[in-house]
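Enquirer: Below are the structure tokens for one structure; questions will follow.
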Amino acid sequence: MSNVNLKKQSSREQFIEYAKTGKILINQCVKCNNLLLETMYYCNECFSNSFKQVSYTGTGKVVTFTIQSIAPEGFEDVNSYAWVVFKLDECRLNVSGFLPGISSPNDLPLGTPIKVIDFNDKHGLVLEKLKA
Amino acid sequence: MGEKVCVLGAGSTKYGKLNESIIEISLDASKDAIDSAGITPRDIKAGYISNVFGVTDRQVHMAPVIMSNLGIPDVPGLTIESACGSGSVMFREAYANVAAGFYDCVIALGVEKITHTGTAESTTLFSYCSDYFYEGGNGASFPGLFGSMARAYLATYKATEEDLAKIAVKNHENGFFNPKAHIRKKITVDDVLNSPVVASPLKLYDCCPFSDGASAVILCNEEFAKKSGKPYIEVIGSGRGASPAAVQSRKDITTIPSTVDAANQAYKMANLAPKDIDFVEVHDCFTIAELIDIEDLGFFPKGSGAQAIREGRTTLKGDIPVNPSGGLKSKGHPIGATGVGQVVEVFEQLTNKAGERTVKGAEIAMTHNFGATGASAAVHIFKKMN
Ligand SMILES: [Zn+2]
């Protein structure tokens with residue numbers, strides 16, 4: 001994790017900018033130290049909105065996932081991918097994203113290490129499987 | 001809690017693929033409910049409508065259109081959207097307004113028309129009910145979100161894909177006796193296990209269908225109900241809950257906090273416990289949802305739902321029959337109508353109109369309906385009166 005200094009952008013734009021470089025931008029509550037994804041406007045523990053922005057490495061372990069036979073619009077051209085919920089290695093937060101190249105549940109045992117590699121308009125938060 | 005609130009009449013279209021417009025099916029269900037209550041439209045002081053995708057059938061601002069066609073254009077209406085939980089969330093608002101004494105009689109109507117959009121567009125539209133930035137926008141379909149919940153549940157507790165299949169088999173067994181059901185077909189565990197994977201580990205027969213349909217009920221205060229001389233049921237418990245919108249933000253993916261909260265409020269208000277409920281209509285959009293529901297509603301301890309299913313405890317003859325109507329799985333899931341359709345089932349059951357799917361001797365029943373993956377939920381408890 002490291003402290004960051006951002007130009008004026010919406011919270012989603014900031015989250016996306018960091019995700020493009022493989023990082024997850026997090027708001028650390030100044031009052032109670034609770035960690036929240038950048039897109040949250042108030043702390044869900046103490047309801048303060050005074051945050052310190054911290055970037056975390058976008059590596060984590062698969063908590064759960066699914067592989068679908070019919071996908072929403074914009075994902076039709078992807079032959080097989082998993083939608084994954086993963087826990088960040090450096091903190092307790094879960095994030096979810098798009099993991100291409102997965103066609104069978106056997107390819108992705110729970111706990112498999114993965115990392116954020118991009119955020120794009122088409123597929124959102126893009127993940128990659130790491131070698132165990 | 002102010003006035004006692006009763007359900008005096010109920011009606012539904014058949015659920016399934018319907019050709020009429022969203023307004024026509026709304027009027028069909030409304031007429032059935034009005035006739036069943038033995039009232040005229042003039043008795044209705046306000047209209048509450050739940051709907052999600054009316055825009056696809058070229059109609060929003062539906063309440064005035066429906067009220068006008070019921071011959072009561074001067075009656076105020078309101079349309080409420082809460083994804084798949086729209087019906088119960090709307091019912092709660094209708095209930096609250098009668099309880100508060102604003103109106104002595106209202107209509108609560110849920111409606112959906114979606115099948116005309118086709119499976120691909122429906123899948124996209126449903127993904128808009130998720131927390132889109134983190135879910136639909138990353139490729140999650142609705143079955144996918146529940147698939148991820150199912151995988152987490154099966155990895156945490158002693159439950160199998162076969163246990164989930166048994167839920168589908170049971171609901172089809174019940175729905176076979178429901179003339180309004182979308183899919184009236186008995187199925188086997190093997191049928192479910194051999195059906196194509198939709199969103200692993202969920203297969204086609206773990207999933208409810210996309211349905212069109214409308215359901216309506218007449219809500220009134222006790223004085224109005226008594227005067228009518230008609231059989232009625234009383235709303236004795238009402239609760240609403242909320243959960244983090246995104247699955248990733250839930251501390252435990254195998255439980256739905258909004259259900260737990262809403263149920264606790266309803267039990268407290270009715271001064272009842274799970275053992276007092278004679279049957280329940282739960283939100284089984286996917287088999288995994290029913291498994292999670294029956295635990296969250298307090299009928300079985302966390303992690304023991306699958307064992308209860310294996311023992312047949314949730315069948316029509318079990319100690320807590322779940323989804324005698326066939327549930328969303330067999331009866332169908334017109335998302336704006338579903339929560340109201342559950343109340344229609346309770347009304348028919350408790351006024352001796354449920355035919356072969358009757359839960360014998362039932363006097364107290366519960367409905368449970370949630371939006372999306374449970375971000376919103378409502379639970380109601382009803383009591384048979386005269
Ligand atoms: Zn805080």
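Within each chain, counting starts at residue 1; across the structure tokens, chains are named A, B, ... in the order shown, with ligands numbered 1 upward in that order.
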Using only C-alpha atoms and a distance of at most 6 Å, pull out the residues of chain A that contact chain B, as an mmCIF file with C-alpha atoms, in the first residue's frame.
Expert:
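Wrote out.cif, looks like this:
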```
data_model
loop_
_atom_site.group_PDB
_atom_site.id
_atom_site.type_symbol
_atom_site.label_atom_id
_atom_site.label_comp_id
_atom_site.auth_asym_id
_atom_site.auth_seq_id
_atom_site.Cartn_x
_atom_site.Cartn_y
_atom_site.Cartn_z
ATOM 1 C CA THR A 64 -16.138 -17.313 -5.339
ATOM 2 C CA PHE A 65 -16.913 -17.156 -9.046
ATOM 3 C CA THR A 66 -19.197 -18.300 -11.827
ATOM 4 C CA ILE A 67 -18.872 -19.180 -15.503
ATOM 5 C CA GLN A 68 -21.921 -18.285 -17.595
ATOM 6 C CA SER A 69 -23.382 -19.605 -20.821
ATOM 7 C CA ALA A 71 -23.666 -13.024 -20.863
ATOM 8 C CA PRO A 72 -24.967 -9.468 -20.682
ATOM 9 C CA GLU A 73 -24.525 -7.142 -23.661
ATOM 10 C CA TRP A 83 -16.971 -13.376 -13.027
ATOM 11 C CA ASN A 94 -13.411 -8.069 -1.526
ATOM 12 C CA VAL A 95 -13.612 -6.780 -5.090
ATOM 13 C CA GLY A 97 -14.096 -8.452 -11.767
ATOM 14 C CA PHE A 98 -13.833 -10.070 -15.169
ATOM 15 C CA HIS A 123 -15.214 -5.359 -19.640
ATOM 16 C CA GLY A 124 -14.739 -3.265 -16.515
#
```
Enquirer: For the structure I just gave you, how does DSSP split chain A - specifically, which residues are strand (DSSP E)? Reply as a PyMOL selection string.
Expert: chain A and resi 2-3+23-29+35-37+51-57+59-67+81-88+94-100+113-120+124-129
Enquirer: Could you save the residues just selected, with C-alpha atoms, as a PDB file, in the first residue's frame?
Expert:
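Result file follows (again11.pdb):
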```pdb
ATOM      1  CA  SER A   2       1.046   3.569  -0.573  1.00  0.00           C
ATOM      2  CA  ASN A   3      -0.309   7.061  -0.136  1.00  0.00           C
ATOM      3  CA  LYS A  23      -3.950  -1.178  -8.252  1.00  0.00           C
ATOM      4  CA  ILE A  24      -7.081  -0.835  -6.124  1.00  0.00           C
ATOM      5  CA  LEU A  25      -7.693   2.638  -4.719  1.00  0.00           C
ATOM      6  CA  ILE A  26      -9.069   2.605  -1.197  1.00  0.00           C
ATOM      7  CA  ASN A  27     -10.421   5.232   1.183  1.00  0.00           C
ATOM      8  CA  GLN A  28      -9.064   4.870   4.690  1.00  0.00           C
ATOM      9  CA  CYS A  29     -11.341   6.558   7.206  1.00  0.00           C
ATOM     10  CA  LEU A  35     -11.070   0.646   4.799  1.00  0.00           C
ATOM     11  CA  LEU A  36     -13.564   1.256   1.987  1.00  0.00           C
ATOM     12  CA  LEU A  37     -13.431   1.061  -1.781  1.00  0.00           C
ATOM     13  CA  PHE A  51     -10.687   9.844   4.057  1.00  0.00           C
ATOM     14  CA  LYS A  52      -7.049   9.294   3.277  1.00  0.00           C
ATOM     15  CA  GLN A  53      -6.634   7.728  -0.182  1.00  0.00           C
ATOM     16  CA  VAL A  54      -4.376   4.676  -0.220  1.00  0.00           C
ATOM     17  CA  SER A  55      -3.525   2.441  -3.151  1.00  0.00           C
ATOM     18  CA  TYR A  56      -3.271  -1.301  -2.639  1.00  0.00           C
ATOM     19  CA  THR A  57      -1.669  -3.878  -4.874  1.00  0.00           C
ATOM     20  CA  THR A  59      -3.484  -9.061  -6.064  1.00  0.00           C
ATOM     21  CA  GLY A  60      -5.833 -11.358  -4.218  1.00  0.00           C
ATOM     22  CA  LYS A  61      -7.360 -14.832  -3.863  1.00  0.00           C
ATOM     23  CA  VAL A  62     -10.581 -16.101  -5.421  1.00  0.00           C
ATOM     24  CA  VAL A  63     -13.473 -16.146  -2.896  1.00  0.00           C
ATOM     25  CA  THR A  64     -16.138 -17.313  -5.339  1.00  0.00           C
ATOM     26  CA  PHE A  65     -16.913 -17.156  -9.046  1.00  0.00           C
ATOM     27  CA  THR A  66     -19.197 -18.300 -11.827  1.00  0.00           C
ATOM     28  CA  ILE A  67     -18.872 -19.180 -15.503  1.00  0.00           C
ATOM     29  CA  TYR A  81     -14.672 -16.040 -18.746  1.00  0.00           C
ATOM     30  CA  ALA A  82     -15.331 -16.122 -15.039  1.00  0.00           C
ATOM     31  CA  TRP A  83     -16.971 -13.376 -13.027  1.00  0.00           C
ATOM     32  CA  VAL A  84     -14.929 -13.453  -9.848  1.00  0.00           C
ATOM     33  CA  VAL A  85     -15.187 -12.140  -6.290  1.00  0.00           C
ATOM     34  CA  PHE A  86     -11.689 -11.986  -4.789  1.00  0.00           C
ATOM     35  CA  LYS A  87     -10.193 -10.874  -1.488  1.00  0.00           C
ATOM     36  CA  LEU A  88      -7.313  -8.441  -1.692  1.00  0.00           C
ATOM     37  CA  ASN A  94     -13.411  -8.069  -1.526  1.00  0.00           C
ATOM     38  CA  VAL A  95     -13.612  -6.780  -5.090  1.00  0.00           C
ATOM     39  CA  SER A  96     -15.208  -8.368  -8.162  1.00  0.00           C
ATOM     40  CA  GLY A  97     -14.096  -8.452 -11.767  1.00  0.00           C
ATOM     41  CA  PHE A  98     -13.833 -10.070 -15.169  1.00  0.00           C
ATOM     42  CA  LEU A  99     -11.380 -12.966 -15.651  1.00  0.00           C
ATOM     43  CA  PRO A 100     -11.034 -14.091 -19.278  1.00  0.00           C
ATOM     44  CA  PRO A 113      -4.199 -16.172  -6.750  1.00  0.00           C
ATOM     45  CA  ILE A 114      -5.199 -13.491  -9.267  1.00  0.00           C
ATOM     46  CA  LYS A 115      -4.329  -9.875 -10.007  1.00  0.00           C
ATOM     47  CA  VAL A 116      -5.931  -6.775 -11.512  1.00  0.00           C
ATOM     48  CA  ILE A 117      -4.398  -5.941 -14.900  1.00  0.00           C
ATOM     49  CA  ASP A 118      -6.710  -3.296 -16.401  1.00  0.00           C
ATOM     50  CA  PHE A 119     -10.012  -1.466 -16.347  1.00  0.00           C
ATOM     51  CA  ASN A 120     -11.588  -0.845 -19.722  1.00  0.00           C
ATOM     52  CA  GLY A 124     -14.739  -3.265 -16.515  1.00  0.00           C
ATOM     53  CA  LEU A 125     -12.157  -4.525 -14.029  1.00  0.00           C
ATOM     54  CA  VAL A 126     -10.008  -7.086 -15.859  1.00  0.00           C
ATOM     55  CA  LEU A 127      -8.213  -9.827 -13.945  1.00  0.00           C
ATOM     56  CA  GLU A 128      -5.474 -12.320 -14.698  1.00  0.00           C
ATOM     57  CA  LYS A 129      -4.771 -15.663 -13.056  1.00  0.00           C
TER      58      LYS A 129
END
```
Enquirer: Show me a table, sorted first by chain and then by increasing residue number, of the residues of chain A having an atom at most 9 Å from ligand 1, each with its shortest atom pair and the distance in Å to one decimal, counting only C-alpha atoms and all ligand atoms and written as JSON lines.
Expert:
```
{"residue": "A:Gln28", "atom": "CA", "partner": "ligand 1", "partner_atom_place_in_ligand_line": "1 (Zn)", "distance": 7.9}
{"residue": "A:Cys29", "atom": "CA", "partner": "ligand 1", "partner_atom_place_in_ligand_line": "1 (Zn)", "distance": 4.7}
{"residue": "A:Val30", "atom": "CA", "partner": "ligand 1", "partner_atom_place_in_ligand_line": "1 (Zn)", "distance": 6.8}
{"residue": "A:Lys31", "atom": "CA", "partner": "ligand 1", "partner_atom_place_in_ligand_line": "1 (Zn)", "distance": 5.2}
{"residue": "A:Cys32", "atom": "CA", "partner": "ligand 1", "partner_atom_place_in_ligand_line": "1 (Zn)", "distance": 4.2}
{"residue": "A:Asn33", "atom": "CA", "partner": "ligand 1", "partner_atom_place_in_ligand_line": "1 (Zn)", "distance": 6.0}
{"residue": "A:Asn34", "atom": "CA", "partner": "ligand 1", "partner_atom_place_in_ligand_line": "1 (Zn)", "distance": 5.2}
{"residue": "A:Leu35", "atom": "CA", "partner": "ligand 1", "partner_atom_place_in_ligand_line": "1 (Zn)", "distance": 8.1}
{"residue": "A:Tyr42", "atom": "CA", "partner": "ligand 1", "partner_atom_place_in_ligand_line": "1 (Zn)", "distance": 7.9}
{"residue": "A:Cys43", "atom": "CA", "partner": "ligand 1", "partner_atom_place_in_ligand_line": "1 (Zn)", "distance": 4.6}
{"residue": "A:Asn44", "atom": "CA", "partner": "ligand 1", "partner_atom_place_in_ligand_line": "1 (Zn)", "distance": 6.6}
{"residue": "A:Glu45", "atom": "CA", "partner": "ligand 1", "partner_atom_place_in_ligand_line": "1 (Zn)", "distance": 5.1}
{"residue": "A:Cys46", "atom": "CA", "partner": "ligand 1", "partner_atom_place_in_ligand_line": "1 (Zn)", "distance": 4.0}
{"residue": "A:Phe47", "atom": "CA", "partner": "ligand 1", "partner_atom_place_in_ligand_line": "1 (Zn)", "distance": 5.8}
{"residue": "A:Ser48", "atom": "CA", "partner": "ligand 1", "partner_atom_place_in_ligand_line": "1 (Zn)", "distance": 5.4}
{"residue": "A:Asn49", "atom": "CA", "partner": "ligand 1", "partner_atom_place_in_ligand_line": "1 (Zn)", "distance": 7.7}
{"residue": "A:Ser50", "atom": "CA", "partner": "ligand 1", "partner_atom_place_in_ligand_line": "1 (Zn)", "distance": 8.2}
{"residue": "A:Phe51", "atom": "CA", "partner": "ligand 1", "partner_atom_place_in_ligand_line": "1 (Zn)", "distance": 8.4}
```
Enquirer: Between CA of Asn51 (chain B) and CA of Ala83 (chain B), what is the spacing in Å?
Expert: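 Between these atoms lies a distance of 8.0 Å.
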Enquirer: Neighbouring residues of region 38-41 of chain B were defined as those with any atom within 8 Å, considering only C-alpha atoms; residues of the same chain fewer than 5 positions away were excluded. Please report them as a PyMOL selection string.
Expert: chain B and resi 9+70-72+228+230
Enquirer: Taking only chain A into account, list the residues labelled helix (DSSP H, G or I) by DSSP (computed from the backbone), as a list in words.
Expert: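 Taking chain A and keeping helix (DSSP H, G or I) only, one gets Ser11, Arg12, Glu13, Gln14, Phe15, Ile16, Glu17, Tyr18, Ala19, Pro105, Asn106 and Asp107 of chain A.
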Enquirer: For CA of His116 (chain B) and CA of Glu20 (chain B), quote the distance in Å rounded to one decimal.
Expert: 10.6 Å
Enquirer: With only C-alpha atoms as the basis for distance, which of B:Ala214, B:Cys84, B:Ile309, B:Ala37 is at the shortest distance from His368 (chain B)?
Expert: B:Cys84
Enquirer: Would you list the contacts of region 61-66 of chain B as a compact mmCIF listing (two decimals) with all heavy atoms, in the first residue's frame, taking every protein, DNA or RNA residue within 10 Å and counting only C-alpha atoms, but skipping same-chain residues closer than 6 positions in sequence?
Expert:
```txt
# COMPACT_ATOMS: atom_id res chain seq x y z
N ILE B 22 -48.80 -4.61 -21.59
CA ILE B 22 -48.60 -4.52 -20.14
C ILE B 22 -49.84 -3.92 -19.47
O ILE B 22 -50.19 -4.30 -18.35
CB ILE B 22 -47.30 -3.73 -19.84
CG1 ILE B 22 -46.90 -3.91 -18.37
CG2 ILE B 22 -47.45 -2.24 -20.17
CD1 ILE B 22 -45.49 -3.48 -18.09
N ILE B 23 -50.50 -2.99 -20.15
CA ILE B 23 -51.69 -2.36 -19.57
C ILE B 23 -52.86 -3.35 -19.53
O ILE B 23 -53.57 -3.46 -18.53
CB ILE B 23 -52.06 -1.08 -20.33
CG1 ILE B 23 -50.96 -0.02 -20.17
CG2 ILE B 23 -53.42 -0.52 -19.87
CD1 ILE B 23 -50.70 0.43 -18.73
N GLU B 24 -53.02 -4.12 -20.61
CA GLU B 24 -54.12 -5.09 -20.63
C GLU B 24 -53.99 -6.15 -19.54
O GLU B 24 -54.96 -6.48 -18.86
CB GLU B 24 -54.22 -5.74 -22.01
CG GLU B 24 -54.71 -4.78 -23.08
CD GLU B 24 -54.50 -5.33 -24.48
OE1 GLU B 24 -53.33 -5.46 -24.90
OE2 GLU B 24 -55.50 -5.64 -25.14
N SER B 26 -52.42 -5.83 -16.79
CA SER B 26 -52.64 -5.13 -15.51
C SER B 26 -54.13 -5.04 -15.21
O SER B 26 -54.58 -5.26 -14.08
CB SER B 26 -52.05 -3.72 -15.56
OG SER B 26 -50.66 -3.76 -15.72
N LEU B 27 -54.89 -4.69 -16.24
CA LEU B 27 -56.34 -4.53 -16.06
C LEU B 27 -57.01 -5.88 -15.80
O LEU B 27 -57.94 -5.97 -14.98
CB LEU B 27 -56.95 -3.84 -17.29
CG LEU B 27 -56.48 -2.39 -17.49
CD1 LEU B 27 -56.87 -1.87 -18.87
CD2 LEU B 27 -57.05 -1.48 -16.39
N SER B 30 -56.36 -6.72 -12.22
CA SER B 30 -57.11 -5.79 -11.37
C SER B 30 -58.58 -6.16 -11.31
O SER B 30 -59.19 -6.16 -10.23
CB SER B 30 -56.98 -4.36 -11.90
OG SER B 30 -55.64 -3.96 -11.93
N ALA B 46 -56.82 4.66 -3.73
CA ALA B 46 -55.47 4.89 -4.26
C ALA B 46 -54.98 3.61 -4.92
O ALA B 46 -55.43 2.52 -4.58
CB ALA B 46 -54.51 5.29 -3.13
N GLY B 47 -54.08 3.77 -5.89
CA GLY B 47 -53.50 2.62 -6.59
C GLY B 47 -52.00 2.56 -6.38
O GLY B 47 -51.30 3.57 -6.48
N TYR B 48 -51.50 1.38 -6.05
CA TYR B 48 -50.06 1.16 -5.88
C TYR B 48 -49.66 0.13 -6.92
O TYR B 48 -50.27 -0.94 -7.02
CB TYR B 48 -49.74 0.67 -4.46
CG TYR B 48 -50.01 1.76 -3.46
CD1 TYR B 48 -51.28 1.97 -2.96
CD2 TYR B 48 -48.99 2.63 -3.08
CE1 TYR B 48 -51.55 3.01 -2.08
CE2 TYR B 48 -49.24 3.67 -2.20
CZ TYR B 48 -50.51 3.86 -1.70
OH TYR B 48 -50.76 4.89 -0.85
N ILE B 49 -48.64 0.46 -7.70
CA ILE B 49 -48.25 -0.40 -8.81
C ILE B 49 -46.75 -0.67 -8.73
O ILE B 49 -45.97 0.23 -8.41
CB ILE B 49 -48.63 0.30 -10.14
CG1 ILE B 49 -50.16 0.31 -10.22
CG2 ILE B 49 -48.03 -0.41 -11.35
CD1 ILE B 49 -50.73 1.28 -11.18
N SER B 50 -46.38 -1.93 -8.97
CA SER B 50 -44.96 -2.27 -9.02
C SER B 50 -44.62 -2.79 -10.40
O SER B 50 -45.34 -3.62 -10.96
CB SER B 50 -44.60 -3.31 -7.96
OG SER B 50 -45.50 -4.39 -7.98
N ASN B 51 -43.52 -2.27 -10.95
CA ASN B 51 -43.08 -2.67 -12.28
C ASN B 51 -41.63 -2.26 -12.46
O ASN B 51 -41.17 -1.29 -11.85
CB ASN B 51 -43.95 -2.00 -13.36
CG ASN B 51 -43.44 -2.30 -14.75
OD1 ASN B 51 -42.87 -1.45 -15.43
ND2 ASN B 51 -43.61 -3.53 -15.19
N GLY B 54 -41.39 -1.66 -17.72
CA GLY B 54 -42.49 -1.16 -18.54
C GLY B 54 -42.01 -0.39 -19.76
O GLY B 54 -42.66 -0.42 -20.81
N VAL B 55 -40.86 0.23 -19.64
CA VAL B 55 -40.33 1.02 -20.76
C VAL B 55 -40.15 0.16 -22.00
O VAL B 55 -40.30 0.65 -23.13
CB VAL B 55 -39.01 1.73 -20.33
CG1 VAL B 55 -37.90 0.73 -20.05
CG2 VAL B 55 -38.58 2.76 -21.35
N ILE B 72 -61.55 5.09 -13.00
CA ILE B 72 -61.33 5.95 -11.84
C ILE B 72 -60.13 6.88 -12.07
O ILE B 72 -59.16 6.86 -11.32
CB ILE B 72 -61.14 5.12 -10.54
CG1 ILE B 72 -60.19 3.93 -10.78
CG2 ILE B 72 -62.49 4.64 -10.01
CD1 ILE B 72 -59.83 3.13 -9.51
N PRO B 73 -60.21 7.73 -13.13
CA PRO B 73 -59.07 8.59 -13.46
C PRO B 73 -58.73 9.61 -12.37
O PRO B 73 -57.64 10.18 -12.37
CB PRO B 73 -59.52 9.30 -14.74
CG PRO B 73 -61.00 9.24 -14.72
CD PRO B 73 -61.36 7.95 -14.02
N ASP B 74 -59.68 9.82 -11.44
CA ASP B 74 -59.45 10.79 -10.36
C ASP B 74 -58.74 10.17 -9.16
O ASP B 74 -58.47 10.87 -8.17
CB ASP B 74 -60.80 11.37 -9.91
CG ASP B 74 -61.80 10.29 -9.50
OD1 ASP B 74 -61.68 9.14 -10.02
OD2 ASP B 74 -62.68 10.56 -8.67
N VAL B 75 -58.44 8.86 -9.23
CA VAL B 75 -57.79 8.19 -8.10
C VAL B 75 -56.27 8.23 -8.27
O VAL B 75 -55.75 7.81 -9.31
CB VAL B 75 -58.29 6.73 -7.98
CG1 VAL B 75 -57.44 5.94 -6.99
CG2 VAL B 75 -59.75 6.71 -7.57
N PRO B 76 -55.54 8.75 -7.26
CA PRO B 76 -54.09 8.86 -7.40
C PRO B 76 -53.40 7.49 -7.37
O PRO B 76 -53.80 6.60 -6.62
CB PRO B 76 -53.67 9.70 -6.19
CG PRO B 76 -54.76 9.50 -5.19
CD PRO B 76 -56.02 9.27 -5.97
N GLY B 77 -52.38 7.37 -8.19
CA GLY B 77 -51.61 6.12 -8.23
C GLY B 77 -50.13 6.42 -8.14
O GLY B 77 -49.70 7.58 -8.23
N LEU B 78 -49.34 5.38 -7.97
CA LEU B 78 -47.91 5.52 -7.75
C LEU B 78 -47.25 4.24 -8.24
O LEU B 78 -47.74 3.14 -7.97
CB LEU B 78 -47.66 5.70 -6.25
CG LEU B 78 -46.28 5.47 -5.68
CD1 LEU B 78 -45.36 6.61 -6.08
CD2 LEU B 78 -46.35 5.39 -4.16
N THR B 79 -46.15 4.38 -8.97
CA THR B 79 -45.44 3.18 -9.42
C THR B 79 -44.12 3.07 -8.67
O THR B 79 -43.41 4.06 -8.51
CB THR B 79 -45.18 3.24 -10.95
OG1 THR B 79 -46.42 3.49 -11.60
CG2 THR B 79 -44.61 1.93 -11.45
N ILE B 80 -43.82 1.85 -8.21
CA ILE B 80 -42.65 1.60 -7.37
C ILE B 80 -41.77 0.54 -8.03
O ILE B 80 -42.27 -0.46 -8.54
CB ILE B 80 -43.10 1.14 -5.97
CG1 ILE B 80 -43.67 2.34 -5.20
CG2 ILE B 80 -41.94 0.49 -5.19
CD1 ILE B 80 -44.33 1.99 -3.89
N LEU B 109 -51.09 -3.56 -7.25
CA LEU B 109 -50.97 -4.32 -8.50
C LEU B 109 -49.50 -4.43 -8.92
O LEU B 109 -48.80 -3.42 -9.02
CB LEU B 109 -51.75 -3.58 -9.60
CG LEU B 109 -51.41 -3.96 -11.04
CD1 LEU B 109 -52.05 -5.28 -11.41
CD2 LEU B 109 -51.83 -2.88 -12.01
```
Enquirer: I'd like the neighbourhood of Arg12 (chain A) as JSON, numbers by chain, where a residue qualifies if any of its atoms comes within 9 Å (using only C-alpha atoms), though same-chain residues fewer than 4 positions away should be ignored.
Expert: {"A": [16, 17, 38, 39], "B": [133]}
Enquirer: Those selected residues, please, written with N, CA, C and O atoms and delivered as a PDB file, in the first residue's frame.
Expert:
```
ATOM      1  N   ILE A  16     -10.882   3.868 -11.441  1.00  0.00           N
ATOM      2  CA  ILE A  16     -10.545   3.313 -12.761  1.00  0.00           C
ATOM      3  C   ILE A  16      -9.089   3.613 -13.122  1.00  0.00           C
ATOM      4  O   ILE A  16      -8.359   2.742 -13.593  1.00  0.00           O
ATOM      5  N   GLU A  17      -8.658   4.839 -12.863  1.00  0.00           N
ATOM      6  CA  GLU A  17      -7.276   5.221 -13.199  1.00  0.00           C
ATOM      7  C   GLU A  17      -6.266   4.296 -12.503  1.00  0.00           C
ATOM      8  O   GLU A  17      -5.297   3.850 -13.108  1.00  0.00           O
ATOM      9  N   GLU A  38     -12.795   3.050  -3.009  1.00  0.00           N
ATOM     10  CA  GLU A  38     -12.776   4.470  -3.348  1.00  0.00           C
ATOM     11  C   GLU A  38     -14.164   5.029  -3.674  1.00  0.00           C
ATOM     12  O   GLU A  38     -14.455   6.202  -3.439  1.00  0.00           O
ATOM     13  N   THR A  39     -15.058   4.175  -4.184  1.00  0.00           N
ATOM     14  CA  THR A  39     -16.354   4.663  -4.660  1.00  0.00           C
ATOM     15  C   THR A  39     -17.338   4.974  -3.528  1.00  0.00           C
ATOM     16  O   THR A  39     -18.424   5.478  -3.778  1.00  0.00           O
TER      17      THR A  39
ATOM     18  N   PHE B 133     -21.634  -1.150 -11.686  1.00  0.00           N
ATOM     19  CA  PHE B 133     -20.203  -0.805 -11.794  1.00  0.00           C
ATOM     20  C   PHE B 133     -19.323  -1.998 -11.422  1.00  0.00           C
ATOM     21  O   PHE B 133     -18.274  -2.225 -12.007  1.00  0.00           O
TER      22      PHE B 133
END
```
Enquirer: Distance CA of Ala29 (chain B)-CA of Val282 (chain B), one decimal place?
Expert: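 We find that CA of Ala29 (chain B) and CA of Val282 (chain B) lie 21.5 Å from each other.
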Enquirer: Please provide the set of residues having any atom within 6 Å of Gly326 (chain B), restricted to only C-alpha atoms, with same-chain residues fewer than 3 positions apart removed, written as a PyMOL selection string.
Expert: chain B and resi 171-172+174-175+323+330-331
Enquirer: Any chance you can output those residues with C-alpha atoms as a PDB file, in the first residue's frame?
Expert:
```
ATOM      1  CA  ASN B 171     -41.398 -26.602  -6.604  1.00  0.00           C
ATOM      2  CA  HIS B 172     -42.345 -28.166  -9.944  1.00  0.00           C
ATOM      3  CA  ASN B 174     -46.332 -27.980  -6.350  1.00  0.00           C
ATOM      4  CA  GLY B 175     -46.629 -25.823  -9.464  1.00  0.00           C
ATOM      5  CA  ASN B 323     -43.705 -22.443  -2.043  1.00  0.00           C
ATOM      6  CA  SER B 330     -42.428 -23.207 -11.560  1.00  0.00           C
ATOM      7  CA  LYS B 331     -45.123 -20.557 -11.170  1.00  0.00           C
TER       8      LYS B 331
END
```
